[in-house]
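Trainee: What follows is final-v3.csv; its format and atoms are CSV, C-alpha atoms.
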chain,number,residue,atom,x,y,z
A,7,MET,CA,-7.5,-2.7,-23.3
A,8,PHE,CA,-4.6,-1.0,-24.9
A,9,MET,CA,-0.9,-0.1,-24.4
A,10,LYS,CA,0.2,3.3,-23.2
A,11,THR,CA,3.8,4.6,-23.0
A,12,ILE,CA,4.4,6.3,-19.6
A,13,ASP,CA,7.4,8.3,-18.7
A,14,PHE,CA,7.8,7.5,-15.1
A,15,GLY,CA,10.3,10.3,-14.7
A,16,ARG,CA,7.3,12.6,-15.1
A,17,PHE,CA,4.4,10.4,-14.0
A,18,THR,CA,5.6,9.4,-10.5
A,19,SER,CA,5.7,11.8,-7.6
A,20,ILE,CA,9.4,11.1,-7.0
A,21,LYS,CA,10.2,11.8,-10.6
A,22,VAL,CA,12.4,8.8,-11.2
A,23,GLY,CA,12.0,6.1,-13.8
A,24,PRO,CA,12.2,5.1,-17.5
A,25,LYS,CA,9.6,5.2,-20.2
A,26,VAL,CA,7.6,2.0,-20.1
A,27,ASP,CA,4.7,0.5,-22.0
A,28,VAL,CA,1.8,0.0,-19.6
A,29,LEU,CA,-1.3,-2.0,-20.3
A,30,VAL,CA,-4.5,0.0,-19.7
A,31,VAL,CA,-7.5,-2.1,-18.5
A,32,GLU,CA,-11.1,-1.0,-19.1
A,33,LYS,CA,-14.5,-2.3,-18.0
A,34,ASP,CA,-15.2,-5.9,-19.3
A,35,ASP,CA,-11.6,-6.6,-20.1
A,36,THR,CA,-10.1,-9.8,-18.8
A,37,ILE,CA,-7.5,-8.6,-16.2
A,38,PRO,CA,-4.1,-10.3,-16.7
A,39,ASN,CA,-2.6,-12.1,-13.8
A,40,ASP,CA,1.0,-11.6,-15.0
A,41,ARG,CA,1.2,-7.8,-14.6
A,42,TYR,CA,1.6,-5.5,-11.6
A,43,LEU,CA,-1.2,-3.0,-11.1
A,44,ILE,CA,-0.1,0.6,-10.5
A,45,GLY,CA,-2.2,3.5,-9.4
A,46,HIS,CA,-1.3,7.2,-9.9
A,47,GLY,CA,2.4,6.8,-9.1
A,48,ASN,CA,2.5,8.5,-5.7
A,49,ASN,CA,4.2,5.6,-3.8
A,50,LEU,CA,6.3,4.1,-6.6
A,51,LEU,CA,10.0,3.8,-7.3
A,52,ILE,CA,10.4,2.3,-10.8
A,53,SER,CA,13.6,0.5,-11.8
A,54,PRO,CA,15.2,0.7,-15.2
A,55,ALA,CA,13.7,-2.7,-16.0
A,56,PRO,CA,10.4,-3.2,-14.1
A,57,SER,CA,8.2,-6.2,-14.3
A,58,PRO,CA,5.2,-5.9,-16.7
A,59,LEU,CA,2.8,-3.2,-15.6
A,60,MET,CA,-0.9,-2.4,-16.0
A,61,MET,CA,-3.3,0.4,-14.8
A,62,LEU,CA,-7.0,0.9,-14.6
A,63,GLY,CA,-8.5,3.1,-17.3
A,64,ASP,CA,-11.2,5.8,-17.3
A,65,ASP,CA,-14.0,3.3,-16.9
A,66,PHE,CA,-12.9,2.9,-13.3
A,67,ASP,CA,-12.9,6.7,-12.5
A,68,PHE,CA,-16.4,7.4,-11.1
A,69,MET,CA,-18.3,8.1,-7.9
A,70,LYS,CA,-22.0,7.5,-7.2
A,71,ILE,CA,-24.2,7.1,-4.1
A,72,GLU,CA,-26.4,4.1,-4.2
A,73,ASP,CA,-28.1,1.9,-1.6
A,74,GLY,CA,-26.7,4.0,1.2
A,75,LEU,CA,-23.1,3.5,0.1
A,76,LEU,CA,-20.6,5.5,-1.9
A,77,HIS,CA,-19.6,3.4,-4.9
A,78,THR,CA,-16.2,4.5,-6.3
A,79,GLY,CA,-13.9,3.2,-9.1
A,80,CYS,CA,-10.4,2.4,-8.1
A,81,ALA,CA,-8.9,4.8,-10.7
A,82,THR,CA,-10.6,7.7,-9.0
A,83,SER,CA,-8.2,10.2,-7.5
A,84,THR,CA,-8.2,11.0,-3.8
A,85,GLY,CA,-8.6,14.7,-4.7
A,86,ARG,CA,-11.9,14.0,-6.6
A,87,LEU,CA,-13.2,11.9,-3.7
A,88,LEU,CA,-12.4,14.6,-1.2
A,89,SER,CA,-14.2,17.2,-3.3
A,90,PHE,CA,-17.2,14.9,-3.6
A,91,ALA,CA,-17.3,14.3,0.2
A,92,LYS,CA,-17.2,18.1,0.8
A,93,LYS,CA,-20.0,18.7,-1.7
A,94,HIS,CA,-22.2,16.0,-0.3
A,95,ASP,CA,-21.3,16.6,3.4
A,96,LEU,CA,-19.9,13.1,3.9
A,97,GLY,CA,-17.8,12.6,7.0
A,98,GLY,CA,-14.9,10.2,7.4
A,99,PHE,CA,-13.0,11.3,4.3
A,100,GLU,CA,-11.1,14.3,5.7
A,101,PHE,CA,-7.8,12.4,6.2
A,102,ILE,CA,-7.4,11.7,2.5
A,103,SER,CA,-6.5,15.3,2.0
A,104,LYS,CA,-3.0,14.2,3.1
A,105,LEU,CA,-2.8,11.3,0.7
A,106,PRO,CA,-2.5,12.0,-3.0
A,107,GLY,CA,-3.0,9.2,-5.5
A,108,SER,CA,-5.8,6.8,-6.5
A,109,ILE,CA,-8.4,5.0,-4.4
A,110,GLY,CA,-7.1,1.7,-5.6
A,111,GLY,CA,-3.6,2.6,-4.4
A,112,MET,CA,-4.9,3.6,-1.0
A,113,VAL,CA,-6.8,0.4,-0.6
A,114,ALA,CA,-3.9,-1.8,-1.7
A,115,MET,CA,-1.7,-0.4,1.2
A,116,ASN,CA,-4.4,0.5,3.7
A,117,ALA,CA,-3.2,4.1,3.5
A,118,GLY,CA,-3.9,6.4,6.3
A,119,VAL,CA,-2.8,9.3,8.6
A,120,LYS,CA,-2.4,8.7,12.3
A,121,GLU,CA,-5.4,6.7,13.5
A,122,TYR,CA,-7.3,7.3,10.3
A,123,GLU,CA,-7.1,4.5,7.7
A,124,ILE,CA,-9.1,3.8,4.6
A,125,PHE,CA,-10.2,0.3,5.8
A,126,ASN,CA,-12.0,2.1,8.6
A,127,ILE,CA,-14.5,3.5,6.2
A,128,LEU,CA,-14.7,0.7,3.6
A,129,ASP,CA,-17.7,-1.5,3.4
A,130,ASN,CA,-16.7,-3.9,0.6
A,131,ILE,CA,-14.2,-4.2,-2.3
A,132,LYS,CA,-14.6,-5.7,-5.8
A,133,ILE,CA,-11.6,-8.0,-6.3
A,134,ASN,CA,-11.2,-10.1,-9.5
A,135,GLY,CA,-14.9,-9.4,-10.2
A,136,GLN,CA,-16.2,-10.5,-6.8
A,137,TRP,CA,-17.5,-8.2,-4.0
A,138,ILE,CA,-15.8,-9.0,-0.7
A,139,LYS,CA,-16.6,-7.4,2.7
A,140,ALA,CA,-13.7,-5.3,3.9
A,141,GLU,CA,-13.8,-7.0,7.3
A,142,ASP,CA,-13.1,-10.3,5.6
A,143,ILE,CA,-9.8,-9.1,4.1
A,144,GLU,CA,-6.7,-9.3,6.2
A,145,HIS,CA,-5.3,-5.9,6.6
A,146,GLY,CA,-3.3,-3.8,9.1
A,147,TYR,CA,-0.8,-0.9,9.3
A,148,ARG,CA,0.0,0.0,5.7
A,149,PHE,CA,-0.9,-3.4,4.2
A,150,ALA,CA,-3.9,-5.3,2.8
A,151,LYS,CA,-3.9,-8.8,1.4
A,152,LEU,CA,-6.2,-8.3,-1.5
A,153,ASN,CA,-5.1,-11.5,-3.3
A,154,GLY,CA,-6.2,-10.0,-6.6
A,155,VAL,CA,-7.0,-6.8,-8.5
A,156,ALA,CA,-9.4,-4.3,-6.8
A,157,THR,CA,-11.4,-2.4,-9.4
A,158,ASP,CA,-14.3,-0.9,-7.3
A,159,VAL,CA,-15.0,-0.1,-3.7
A,160,LYS,CA,-18.0,0.9,-1.6
A,161,PHE,CA,-17.6,3.2,1.3
A,162,LYS,CA,-19.8,3.5,4.4
A,163,ILE,CA,-21.7,6.8,4.5
A,164,LYS,CA,-22.1,9.1,7.5
A,165,TYR,CA,-23.0,12.7,7.1
A,166,GLY,CA,-21.2,15.7,8.5
A,167,PHE,CA,-17.9,16.6,6.8
A,168,ASP,CA,-15.5,17.9,9.5
A,169,LYS,CA,-13.8,21.1,8.2
A,170,LYS,CA,-11.9,21.5,11.5
A,171,LEU,CA,-10.4,18.0,11.3
A,172,LEU,CA,-9.6,18.7,7.6
A,173,ASP,CA,-7.6,21.8,8.5
A,174,GLU,CA,-5.8,20.0,11.3
A,175,LEU,CA,-4.7,17.2,9.0
A,176,ILE,CA,-3.7,19.7,6.3
A,177,SER,CA,-1.5,21.5,8.8
A,178,LEU,CA,0.6,18.3,9.1
A,179,ARG,CA,1.9,19.0,5.7
A,180,ASN,CA,4.1,21.7,7.2
A,181,ASN,CA,6.7,19.1,8.2
A,182,GLN,CA,6.8,17.6,4.7
A,183,PRO,CA,9.4,18.5,2.1
A,184,LYS,CA,8.4,20.4,-1.1
A,185,GLU,CA,10.8,18.4,-3.4
A,186,PRO,CA,9.6,15.4,-5.4
A,187,SER,CA,9.2,12.3,-3.2
A,188,ALA,CA,7.2,9.2,-2.9
A,189,GLY,CA,5.9,10.1,0.6
A,190,SER,CA,7.0,8.3,3.7
A,191,LEU,CA,9.7,5.8,2.5
A,192,PHE,CA,9.6,3.4,5.5
A,193,LYS,CA,6.8,2.2,7.7
A,194,ASN,CA,7.1,3.4,11.3
A,195,PRO,CA,8.3,0.5,13.5
A,196,PRO,CA,6.1,-0.2,16.5
A,197,ASN,CA,6.2,2.6,19.1
A,198,ASP,CA,8.8,4.5,17.1
A,199,HIS,CA,9.3,6.7,14.0
A,200,ALA,CA,11.4,5.9,11.0
A,201,GLY,CA,12.3,9.5,10.6
A,202,ARG,CA,13.8,9.6,14.1
A,203,LEU,CA,15.8,6.5,13.4
A,204,ILE,CA,17.2,7.8,10.1
A,205,GLU,CA,18.1,11.1,11.8
A,206,GLY,CA,19.6,9.2,14.7
A,207,VAL,CA,22.1,7.4,12.4
A,208,GLY,CA,23.2,10.8,10.9
A,209,LEU,CA,21.5,10.5,7.5
A,210,LYS,CA,19.1,13.5,7.7
A,211,GLY,CA,20.1,15.6,4.7
A,212,LYS,CA,22.5,12.8,3.4
A,213,GLN,CA,22.8,13.1,-0.4
A,214,ILE,CA,23.9,10.5,-3.0
A,215,GLY,CA,23.8,11.8,-6.6
A,216,GLY,CA,20.5,13.6,-7.2
A,217,MET,CA,18.7,12.0,-4.2
A,218,ALA,CA,18.8,12.8,-0.5
A,219,TRP,CA,17.1,12.1,2.8
A,220,SER,CA,15.2,15.3,3.4
A,221,ASP,CA,16.5,17.8,5.9
A,222,VAL,CA,12.9,18.7,6.6
A,223,HIS,CA,11.7,15.1,7.4
A,224,ALA,CA,14.2,12.4,7.4
A,225,ASN,CA,11.8,9.6,6.3
A,226,PHE,CA,11.2,11.4,3.0
A,227,LEU,CA,13.6,10.4,0.1
A,228,VAL,CA,13.6,13.5,-2.1
A,229,ASN,CA,14.7,14.1,-5.7
A,230,ILE,CA,16.8,17.3,-5.6
A,231,GLY,CA,17.5,17.2,-9.3
A,232,GLY,CA,18.3,14.4,-11.7
A,233,GLY,CA,18.0,11.7,-9.1
A,234,THR,CA,18.2,8.1,-10.3
A,235,PHE,CA,16.9,4.7,-9.2
A,236,GLU,CA,20.5,3.7,-8.3
A,237,ASP,CA,20.9,6.8,-6.1
A,238,SER,CA,17.6,6.0,-4.4
A,239,ILE,CA,18.5,2.4,-3.7
A,240,ALA,CA,21.9,3.3,-2.4
A,241,LEU,CA,20.3,5.7,0.2
A,242,ILE,CA,17.6,3.2,1.1
A,243,GLU,CA,20.1,0.4,1.7
A,244,LEU,CA,22.4,2.6,3.7
A,245,ALA,CA,19.5,3.7,6.0
A,246,LYS,CA,18.4,0.1,6.5
A,247,LYS,CA,22.0,-1.0,7.3
A,248,LEU,CA,22.8,1.7,9.7
A,249,VAL,CA,19.5,1.6,11.6
A,250,LEU,CA,19.8,-2.2,12.0
A,251,GLU,CA,23.3,-1.9,13.3
A,252,GLN,CA,22.6,0.9,15.7
A,253,TYR,CA,19.0,0.2,16.9
A,254,LYS,CA,18.6,-3.5,15.9
A,255,ILE,CA,15.4,-2.5,14.0
A,256,ALA,CA,14.8,-3.7,10.5
A,257,LEU,CA,13.1,-0.9,8.5
A,258,LYS,CA,10.5,-2.0,6.0
A,259,GLU,CA,9.6,0.0,2.9
A,260,GLU,CA,6.2,1.7,2.7
A,261,ILE,CA,6.6,2.6,-1.0
A,262,LYS,CA,6.6,0.0,-3.7
A,263,ILE,CA,9.9,-0.7,-5.6
A,264,LEU,CA,9.4,-2.3,-9.0
Give the structure from the file, written as structure tokens.

Mentor:
Amino acid sequence: MFMKTIDFGRFTSIKVGPKVDVLVVEKDDTIPNDRYLIGHGNNLLISPAPSPLMMLGDDFDFMKIEDGLLHTGCATSTGRLLSFAKKHDLGGFEFISKLPGSIGGMVAMNAGVKEYEIFNILDNIKINGQWIKAEDIEHGYRFAKLNGVATDVKFKIKYGFDKKLLDELISLRNNQPKEPSAGSLFKNPPNDHAGRLIEGVGLKGKQIGGMAWSDVHANFLVNIGGGTFEDSIALIELAKKLVLEQYKIALKEEIKIL
């Protein structure tokens, strides 16, 4: 393992954060239990003084088909996995075209689009060196209780990549903003949509400093130039306060704030 200085203002998709020394863990390293594991920075908002961080290194960036399963390292990008699925005609992976980041990040939050979630196609996960069946891990809408560090996963395999489904899911991007963001900020409450609630309290397009609730999709917090952690938190807390007051609904973050 080794330390790597990462500029989170460039590394994260929302383009907010300081330069921080991050521990890079490779195969056969003892994984610390006092550091937070990050993926590729697509659902992260990093504070000026985050807790100690670590990330998986290149040893965990691989894909191979063995024993009827697709074995993938958790540092592998969703883009690489999607390309692999296309090349080998593997079905069930079409939805990840909507979800940038690492496989480990997707597993940690049970990422998905509509009815498609990553746990639907997982067979087992290697956590703290032990393989555990996915069905034995508590998970649900945008959460998974891994109780440790996931380094590898094995996916169920079915053949028949669905190009039509891929195109349909990609078309959903049309209602997403182009500015830097961390994706959907809040989880959708049961039978409702966080974007509708944020728009309903008059915050769509609301700007504080260099951050704003997107005027394209209100549940996206976007960096319109020079946005800071403080700007972000101010808008997040304002949305939670107004939605609770008007709708009696407590919004819960989908992104990770460190």

Trainee: Would you mind reading off the distance between atom CA of Leu87 of chain A and atom CA of Leu43 of chain A, one decimal, in Å?

Mentor: 20.5 Å

Trainee: Rank A:Ala81, A:Ile102, A:Leu51, A:Leu88 by their smallest atom-to-atom distance to Thr18 of chain A, using all atoms listed in the file, and report the top residue only.

Mentor: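 Using all atoms listed in the file, the shortest distance to Thr18 of chain A belongs to A:Leu51.
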
Trainee: Of the candidates A:Phe8, A:Phe99, A:Phe235, A:Phe226, which shows the shortest atom-to-atom distance to Leu171 of chain A, using all atoms listed in the file?

Mentor: A:Phe99

Trainee: I'd like the neighbourhood of segment 139-143 of chain A as a count of residues only, where a residue qualifies if any of its atoms comes within 7 Å (using only C-alpha atoms), though same-chain residues fewer than 3 positions away should be ignored.

Mentor: 7

Trainee: Which of these residues is nearest to Glu72 of chain A, using all atoms listed in the file: A:Val28, A:Ile163, A:Ile52, A:Met7?

Mentor: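 Going through A:Val28, A:Ile163, A:Ile52, A:Met7 one by one, the smallest distance to Glu72 of chain A is for A:Ile163.
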
Trainee: Give me, as a ChimeraX atom specification, all polymer residues having an atom no more than 10 Å from Met115 of chain A, counting all atoms listed in the file and skipping those fewer than 5 positions away in the same chain.

Mentor: /A:49,110,123-125,145-152,260-262

Trainee: From the options A:His94, A:Lys10, A:Lys25, A:Lys160, which residue's atoms come nearest to Gly79 of chain A, counting all atoms listed in the file?

Mentor: A:Lys160

Trainee: Between A:Leu62, A:Glu259, A:Cys80, A:Val26, single out the one closest to Glu243 of chain A, counting all atoms listed in the file.

Mentor: A:Glu259

Trainee: Report as a tab-separated table: every residue of segment 31-116 of chain A with an atom at most 9 Å from segment 179-198 of chain A, its closest pair of atoms, and their distance in Å to one decimal, counting only C-alpha atoms, with rows sorted by chain and ascending residue number.

Mentor:
residue	atom	partner	partner_atom	distance
A:Gly47	CA	A:Ala188	CA	8.2
A:Asn48	CA	A:Ala188	CA	5.5
A:Asn49	CA	A:Ala188	CA	4.8
A:Leu50	CA	A:Ala188	CA	6.4
A:Leu51	CA	A:Ala188	CA	7.5
A:Lys104	CA	A:Arg179	CA	7.3
A:Leu105	CA	A:Gly189	CA	8.8

Trainee: Quick one: of A:Ile109, A:Ile255, A:Ala218, A:Val159, who's nearest to Ile138 of chain A, counting all atoms listed in the file?

Mentor: A:Val159

Trainee: Set the distance at 7 Å and use all atoms listed in the file: which residues neighbour Ile133 of chain A once local chain neighbours fewer than 6 positions away are removed? I'd like the list as a ChimeraX atom specification.

Mentor: /A:154-157

Trainee: Could you tell me, as a PyMOL selection string, which residues have any atom at most 12 Å from (17.9, 17.7, -12.2), counting only C-alpha atoms?

Mentor: chain A and resi 15+20-22+185-186+215-217+228-234

Trainee: If I take atom CA of Gly45 of chain A and atom CA of Met112 of chain A, how far is one from the other in Å, to one decimal?

Mentor: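 Taking atom CA of Gly45 of chain A and atom CA of Met112 of chain A, their separation equals 8.8 Å.
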